[in-house]
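File shown here: entry.cif, holding mmCIF, C-alpha atoms and all ligand atoms.
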data_entry
#
loop_
_atom_site.label_atom_id
_atom_site.label_comp_id
_atom_site.auth_asym_id
_atom_site.auth_seq_id
_atom_site.Cartn_x
_atom_site.Cartn_y
_atom_site.Cartn_z
CA MET A 1 -4.94 -14.57 -13.41
CA ASN A 2 -3.35 -15.39 -10.06
CA ILE A 3 -0.17 -17.41 -10.07
CA VAL A 4 1.81 -19.07 -7.29
CA ILE A 5 5.50 -19.44 -7.91
CA PHE A 6 6.68 -22.33 -5.81
CA GLY A 7 10.05 -23.78 -4.90
CA SER A 8 12.68 -24.15 -2.22
CA PRO A 9 14.67 -21.21 -0.89
CA GLY A 10 17.23 -20.36 -3.57
CA ALA A 11 15.19 -21.83 -6.43
CA GLY A 12 14.83 -18.44 -8.09
CA LYS A 13 11.21 -17.65 -7.22
CA GLY A 14 11.80 -13.97 -6.53
CA THR A 15 13.72 -13.38 -9.77
CA GLN A 16 11.07 -15.02 -11.93
CA ALA A 17 8.13 -13.52 -10.01
CA GLU A 18 9.51 -10.05 -10.62
CA ILE A 19 9.94 -10.62 -14.36
CA ILE A 20 6.52 -12.21 -14.80
CA ALA A 21 4.82 -9.52 -12.70
CA ASN A 22 6.39 -6.83 -14.88
CA ASP A 23 5.62 -8.48 -18.20
CA TYR A 24 2.00 -9.39 -17.39
CA GLY A 25 1.03 -6.44 -15.19
CA LEU A 26 0.54 -8.62 -12.14
CA LYS A 27 1.25 -7.55 -8.56
CA HIS A 28 4.27 -9.32 -7.07
CA LEU A 29 3.52 -10.46 -3.53
CA SER A 30 6.67 -11.68 -1.81
CA SER A 31 5.84 -12.69 1.76
CA GLY A 32 9.56 -12.65 2.63
CA GLN A 33 9.98 -9.10 1.35
CA LEU A 34 6.82 -7.95 3.11
CA SER A 35 8.09 -9.52 6.32
CA ARG A 36 11.47 -7.82 5.98
CA GLN A 37 9.65 -4.50 5.55
CA MET A 38 7.96 -5.17 8.90
CA LEU A 39 11.25 -5.54 10.80
CA ASN A 40 11.09 -1.92 11.95
CA ASN A 41 7.51 -2.30 13.13
CA ARG A 42 7.32 -1.25 16.77
CA LEU A 43 4.90 -3.98 17.81
CA LEU A 44 5.88 -6.95 15.66
CA GLY A 45 9.40 -6.28 14.35
CA LYS A 46 11.30 -8.10 17.09
CA LYS A 47 9.03 -11.11 16.99
CA ILE A 48 9.23 -11.42 13.19
CA LYS A 49 13.02 -11.08 13.30
CA SER A 50 13.35 -13.86 15.86
CA TYR A 51 11.67 -16.35 13.49
CA MET A 52 13.39 -15.14 10.34
CA ASP A 53 16.85 -15.23 11.90
CA LYS A 54 16.29 -18.84 12.93
CA GLY A 55 14.92 -19.78 9.52
CA GLU A 56 11.61 -20.79 11.02
CA LEU A 57 8.17 -19.85 9.76
CA ILE A 58 6.55 -16.72 11.07
CA PRO A 59 3.35 -17.76 12.89
CA ASN A 60 0.20 -17.76 10.77
CA ALA A 61 -1.51 -15.16 12.94
CA ILE A 62 1.14 -12.66 11.85
CA ILE A 63 2.01 -13.68 8.29
CA ILE A 64 -1.57 -14.17 7.11
CA LYS A 65 -2.46 -10.68 8.33
CA ILE A 66 0.56 -9.20 6.47
CA VAL A 67 -0.42 -11.00 3.26
CA LYS A 68 -4.13 -10.13 3.59
CA ASP A 69 -3.38 -6.44 4.15
CA TYR A 70 -1.23 -6.36 1.02
CA ILE A 71 -3.91 -8.07 -1.06
CA GLU A 72 -6.54 -5.67 0.27
CA LYS A 73 -4.35 -2.67 -0.52
CA ASN A 74 -3.86 -3.90 -4.09
CA LYS A 75 -7.25 -5.43 -4.76
CA ARG A 76 -7.78 -3.37 -7.88
CA GLU A 77 -4.80 -5.01 -9.60
CA LYS A 78 -5.64 -7.55 -12.28
CA GLY A 79 -3.95 -10.39 -10.45
CA PHE A 80 -1.16 -11.45 -8.14
CA ILE A 81 1.93 -13.54 -8.40
CA PHE A 82 2.55 -15.12 -5.02
CA ASP A 83 6.18 -15.74 -4.08
CA GLY A 84 6.96 -17.40 -0.74
CA TYR A 85 3.31 -17.73 0.13
CA PRO A 86 1.77 -20.23 0.78
CA ARG A 87 4.38 -22.13 2.77
CA THR A 88 2.12 -24.60 4.58
CA LEU A 89 -0.98 -26.53 3.60
CA GLY A 90 -2.97 -24.36 6.01
CA GLN A 91 -1.75 -21.22 4.23
CA ALA A 92 -2.62 -22.74 0.84
CA LYS A 93 -6.18 -23.42 1.98
CA GLU A 94 -6.43 -19.95 3.51
CA LEU A 95 -5.30 -18.47 0.18
CA ASP A 96 -8.00 -20.41 -1.67
CA ARG A 97 -10.60 -19.10 0.79
CA LEU A 98 -9.35 -15.56 0.31
CA ALA A 99 -9.42 -15.86 -3.46
CA LYS A 100 -12.94 -17.25 -3.37
CA GLN A 101 -14.10 -14.33 -1.26
CA SER A 102 -12.79 -12.01 -3.95
CA LYS A 103 -14.49 -14.14 -6.61
CA THR A 104 -11.17 -15.21 -8.09
CA ARG A 105 -8.89 -18.23 -7.81
CA ILE A 106 -5.36 -19.48 -8.16
CA GLY A 107 -5.15 -20.50 -11.80
CA LEU A 108 -1.60 -21.80 -11.94
CA VAL A 109 1.15 -23.04 -9.65
CA ILE A 110 4.66 -23.21 -11.05
CA ASN A 111 7.08 -25.39 -9.18
CA LEU A 112 10.67 -24.34 -9.78
CA LYS A 113 12.51 -27.55 -9.08
CA LEU A 114 15.98 -27.43 -7.59
CA ASP A 115 17.76 -30.00 -5.43
CA GLN A 116 18.76 -29.02 -1.92
CA GLN A 117 22.49 -29.09 -2.53
CA GLU A 118 22.25 -26.71 -5.46
CA ALA A 119 19.87 -24.49 -3.48
CA LEU A 120 22.32 -24.34 -0.59
CA LYS A 121 25.17 -23.44 -2.94
CA ARG A 122 23.18 -20.64 -4.53
CA ILE A 123 22.05 -19.06 -1.27
CA LEU A 124 25.58 -19.19 0.13
CA LYS A 125 26.81 -17.40 -2.98
CA ARG A 126 24.02 -14.84 -2.73
CA SER A 127 24.76 -14.33 0.97
CA LYS A 128 27.93 -12.41 0.09
CA SER A 129 25.85 -9.55 -1.29
CA SER A 130 22.31 -10.01 0.05
CA GLY A 131 22.91 -8.40 3.43
CA ARG A 132 20.24 -10.73 4.79
CA SER A 133 20.89 -11.89 8.34
CA ASP A 134 19.21 -15.21 7.53
CA ASP A 135 21.64 -16.04 4.71
CA ASN A 136 24.08 -17.96 6.92
CA LEU A 137 24.79 -21.69 6.82
CA LYS A 138 22.91 -22.64 9.99
CA THR A 139 19.77 -20.68 9.09
CA ILE A 140 19.81 -21.79 5.46
CA GLU A 141 19.91 -25.41 6.60
CA THR A 142 16.88 -24.82 8.80
CA ARG A 143 15.04 -23.04 5.95
CA LEU A 144 15.67 -25.99 3.65
CA LYS A 145 14.49 -28.45 6.31
CA VAL A 146 11.35 -26.41 6.95
CA TYR A 147 10.73 -26.35 3.20
CA LYS A 148 10.98 -30.16 2.93
CA LYS A 149 8.81 -30.79 5.95
CA LEU A 150 6.09 -28.14 5.76
CA THR A 151 6.13 -26.51 2.33
CA GLU A 152 6.85 -29.24 -0.21
CA PRO A 153 3.79 -31.29 0.85
CA ILE A 154 1.56 -28.50 -0.53
CA LEU A 155 2.51 -29.74 -4.01
CA GLY A 156 0.23 -32.74 -3.56
CA TYR A 157 -2.68 -30.43 -2.85
CA TYR A 158 -2.09 -28.34 -5.97
CA LYS A 159 -1.46 -31.40 -8.08
CA ALA A 160 -4.83 -32.80 -7.02
CA ASN A 161 -6.39 -29.48 -8.05
CA GLY A 162 -4.86 -29.94 -11.50
CA ILE A 163 -3.10 -26.57 -11.56
CA LEU A 164 0.51 -27.65 -10.94
CA LYS A 165 3.25 -27.26 -13.57
CA GLU A 166 6.92 -28.01 -13.09
CA VAL A 167 9.96 -26.20 -14.43
CA ASP A 168 13.59 -27.24 -14.07
CA GLY A 169 15.17 -24.59 -11.84
CA ARG A 170 18.74 -25.44 -12.91
CA GLN A 171 18.28 -23.70 -16.24
CA SER A 172 19.30 -20.11 -16.98
CA ILE A 173 17.03 -17.26 -15.88
CA THR A 174 16.06 -16.52 -19.50
CA LYS A 175 15.27 -20.13 -20.28
CA ILE A 176 13.10 -20.48 -17.17
CA THR A 177 11.19 -17.27 -17.99
CA LYS A 178 10.57 -18.59 -21.50
CA GLU A 179 9.17 -21.86 -20.16
CA ILE A 180 6.96 -20.09 -17.64
CA LYS A 181 5.56 -17.84 -20.35
CA LYS A 182 4.81 -20.84 -22.53
CA ILE A 183 2.93 -22.45 -19.65
CA ILE A 184 0.94 -19.27 -18.97
CA LYS A 185 -0.02 -19.10 -22.63
CA GLU A 186 -1.26 -22.69 -22.59
CA VAL A 187 -3.26 -22.16 -19.41
CA GLU A 188 -4.85 -18.97 -20.74
CA LYS A 189 -5.79 -20.76 -23.96
CA LYS A 190 -7.67 -23.43 -22.02
CA LYS A 191 -9.77 -20.92 -20.09
P1 LIG B 1 13.66 -17.86 1.11
O1 LIG B 1 12.60 -18.37 0.19
O2 LIG B 1 15.00 -17.72 0.44
O3 LIG B 1 13.76 -18.61 2.41
P2 LIG B 1 11.96 -15.57 1.82
O4 LIG B 1 12.32 -14.14 1.69
O5 LIG B 1 10.84 -16.09 1.00
O6 LIG B 1 13.32 -16.35 1.53
O7 LIG B 1 11.62 -15.88 3.35
C1 LIG B 1 12.47 -15.50 4.41
C2 LIG B 1 11.82 -15.82 5.77
O8 LIG B 1 10.60 -15.10 5.90
C3 LIG B 1 11.43 -17.28 5.99
O9 LIG B 1 12.51 -18.07 6.42
C4 LIG B 1 10.35 -17.12 7.07
O10 LIG B 1 10.91 -16.89 8.35
C5 LIG B 1 9.64 -15.84 6.65
N1 LIG B 1 8.47 -16.12 5.76
C6 LIG B 1 8.34 -15.76 4.45
N2 LIG B 1 7.17 -16.19 3.95
C7 LIG B 1 6.54 -16.85 4.95
C8 LIG B 1 5.30 -17.54 5.07
N3 LIG B 1 4.46 -17.65 4.02
N4 LIG B 1 4.97 -18.11 6.26
C9 LIG B 1 5.78 -18.01 7.32
N5 LIG B 1 6.97 -17.38 7.28
C10 LIG B 1 7.36 -16.80 6.12
#
Please re-express this file's structure in structure tokens.
Ligand code: ADP
Amino acid sequence: MNIVIFGSPGAGKGTQAEIIANDYGLKHLSSGQLSRQMLNNRLLGKKIKSYMDKGELIPNAIIIKIVKDYIEKNKREKGFIFDGYPRTLGQAKELDRLAKQSKTRIGLVINLKLDQQEALKRILKRSKSSGRSDDNLKTIETRLKVYKKLTEPILGYYKANGILKEVDGRQSITKITKEIKKIIKEVEKKK
């Protein structure tokens, strides 16, 4: 099964994606992590950094290639958990096309719900230890705005596809994992 873990910056996507990937033998695809790994790339590093440091989206021509390469490299895995991708409706449709090509599909989208104020608080707290140059107030505010404007609207698309489930992101890590696992179980049962 392929799962998308959805939510605003700071909602806890990365934490949950890692746990679920481990427990279900899925490959964790974090587009943010993959992008950070590209920062030393001779050709694209500077360009990628300029977008990330502003909190803006990396252009599709670059990010889609990064994601596609990672999928191709791991195509023998039994499934992926997507974290941070898709971030626009265009990326969501591209992901569906990609999945179809590989004769698979996105079976579940989990929206980790967290309000913007709480998200901001969490990222600011994390910024003390993350070492990420984009964890500063100005950039976080842009990231949250970009999320509202470009990313959140994807939820309508997934809802219409009937694969969207919501989880309250204010709960503890353990509680959230438990809920996600329950949802996965229900979805697998229906297949
Ligand atoms: P967060 O979710 O906390 O903002 P991420 O690590 O997911 O952190 O993303 C960090 C940055 O990486 C984003 O602000 C953006 O510049 C870039 N990025 C990550 N994923 C994408 C994507 N799917 N499309 C465009 N840019 C992306």
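Reported to one decimal place, the separation of atom CA of Leu95 of chain A from atom CA of Ile154 of chain A is 12.2 Å.
Between atom CA of Arg170 of chain A and atom C4 of ligand LIG 1 (chain B) the separation is 23.2 Å.
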Identify, on the basis of all atoms listed in the file, every residue whose closest approach to Leu137 of chain A does not exceed 9 Å; exclude the query and any residue fewer than 5 positions from it along the same chain; express the result as a ChimeraX atom specification.
/A:120,123-124,142
Distance criterion (all atoms listed in the file): nearest to Thr104 of chain A out of A:Leu144, A:Ile173, A:Tyr85, A:Gly79:
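When distances to Thr104 of chain A are compared using all atoms listed in the file, the smallest one comes from A:Gly79.
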Leaving out Gly25 of chain A and any residue of its chain fewer than 3 positions from it, which residues lie within 12 Å of it when counting all atoms listed in the file, given as a ChimeraX atom specification?
/A:1-2,17-22,28,76-81
Listed atoms of ligand LIG 1 (chain B), axis-aligned box, 8 Å per side: centre and edge lengths to one decimal in Å, as JSON?
{"center_x": 9.7, "center_y": -16.4, "center_z": 4.3, "size_x": 26.5, "size_y": 20.5, "size_z": 24.2}
Distance limit 9 Å, reference ligand LIG 1 (chain B), atoms considered: all atoms listed in the file. Which residues make the cut? Give them as an mmCIF file with C-alpha atoms, keeping the file's coordinate frame.
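Below is the file that was written, selection-v1.cif:
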data_model
loop_
_atom_site.group_PDB
_atom_site.id
_atom_site.type_symbol
_atom_site.label_atom_id
_atom_site.label_comp_id
_atom_site.auth_asym_id
_atom_site.auth_seq_id
_atom_site.Cartn_x
_atom_site.Cartn_y
_atom_site.Cartn_z
ATOM 1 C CA GLY A 7 10.050 -23.780 -4.900
ATOM 2 C CA SER A 8 12.680 -24.150 -2.220
ATOM 3 C CA PRO A 9 14.670 -21.210 -0.890
ATOM 4 C CA GLY A 10 17.230 -20.360 -3.570
ATOM 5 C CA ALA A 11 15.190 -21.830 -6.430
ATOM 6 C CA GLY A 12 14.830 -18.440 -8.090
ATOM 7 C CA LYS A 13 11.210 -17.650 -7.220
ATOM 8 C CA GLY A 14 11.800 -13.970 -6.530
ATOM 9 C CA SER A 30 6.670 -11.680 -1.810
ATOM 10 C CA SER A 31 5.840 -12.690 1.760
ATOM 11 C CA GLY A 32 9.560 -12.650 2.630
ATOM 12 C CA GLN A 33 9.980 -9.100 1.350
ATOM 13 C CA LEU A 34 6.820 -7.950 3.110
ATOM 14 C CA SER A 35 8.090 -9.520 6.320
ATOM 15 C CA ARG A 36 11.470 -7.820 5.980
ATOM 16 C CA ILE A 48 9.230 -11.420 13.190
ATOM 17 C CA LYS A 49 13.020 -11.080 13.300
ATOM 18 C CA SER A 50 13.350 -13.860 15.860
ATOM 19 C CA TYR A 51 11.670 -16.350 13.490
ATOM 20 C CA MET A 52 13.390 -15.140 10.340
ATOM 21 C CA ASP A 53 16.850 -15.230 11.900
ATOM 22 C CA LYS A 54 16.290 -18.840 12.930
ATOM 23 C CA GLY A 55 14.920 -19.780 9.520
ATOM 24 C CA GLU A 56 11.610 -20.790 11.020
ATOM 25 C CA LEU A 57 8.170 -19.850 9.760
ATOM 26 C CA ILE A 58 6.550 -16.720 11.070
ATOM 27 C CA PRO A 59 3.350 -17.760 12.890
ATOM 28 C CA ASN A 60 0.200 -17.760 10.770
ATOM 29 C CA ILE A 62 1.140 -12.660 11.850
ATOM 30 C CA ILE A 63 2.010 -13.680 8.290
ATOM 31 C CA ILE A 64 -1.570 -14.170 7.110
ATOM 32 C CA VAL A 67 -0.420 -11.000 3.260
ATOM 33 C CA ASP A 83 6.180 -15.740 -4.080
ATOM 34 C CA GLY A 84 6.960 -17.400 -0.740
ATOM 35 C CA TYR A 85 3.310 -17.730 0.130
ATOM 36 C CA PRO A 86 1.770 -20.230 0.780
ATOM 37 C CA ARG A 87 4.380 -22.130 2.770
ATOM 38 C CA THR A 88 2.120 -24.600 4.580
ATOM 39 C CA GLN A 91 -1.750 -21.220 4.230
ATOM 40 C CA ILE A 123 22.050 -19.060 -1.270
ATOM 41 C CA ASP A 134 19.210 -15.210 7.530
ATOM 42 C CA ASP A 135 21.640 -16.040 4.710
ATOM 43 C CA THR A 139 19.770 -20.680 9.090
ATOM 44 C CA ILE A 140 19.810 -21.790 5.460
ATOM 45 C CA THR A 142 16.880 -24.820 8.800
ATOM 46 C CA ARG A 143 15.040 -23.040 5.950
ATOM 47 C CA LEU A 144 15.670 -25.990 3.650
ATOM 48 C CA VAL A 146 11.350 -26.410 6.950
ATOM 49 C CA TYR A 147 10.730 -26.350 3.200
#
Measuring atom to atom with all atoms listed in the file, identify which of A:Asn136, A:Gln171, A:Ile163, A:Asn41 is nearest to Ile184 of chain A.
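Ranking A:Asn136, A:Gln171, A:Ile163, A:Asn41 by distance to Ile184 of chain A, first place goes to A:Ile163.
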Shortest interatomic distance to Lys65 of chain A - which of A:Glu94, A:Phe82, A:Leu89, A:Leu26, counting all atoms listed in the file
A:Glu94
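Closest to Ile5 of chain A among A:Lys191, A:Lys182, A:Lys113, A:Lys128 is A:Lys113, based on all atoms listed in the file.
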To one decimal place in Å, what is the distance between atom CA of Leu43 of chain A and atom CA of Gly90 of chain A?
24.8 Å
Could you list, as a list in words, every residue within 10 Å of Lys181 of chain A, counting only C-alpha atoms and ignoring same-chain residues fewer than 5 positions away?
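Using only C-alpha atoms, the neighbours found are Ile20, Asp23, Tyr24, Lys175, Ile176, Glu186 and Val187 of chain A.
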With distances taken over all atoms listed in the file, which of A:Ser102, A:Leu29, A:Glu188, A:Lys93 is nearest to Ile66 of chain A?
A:Leu29
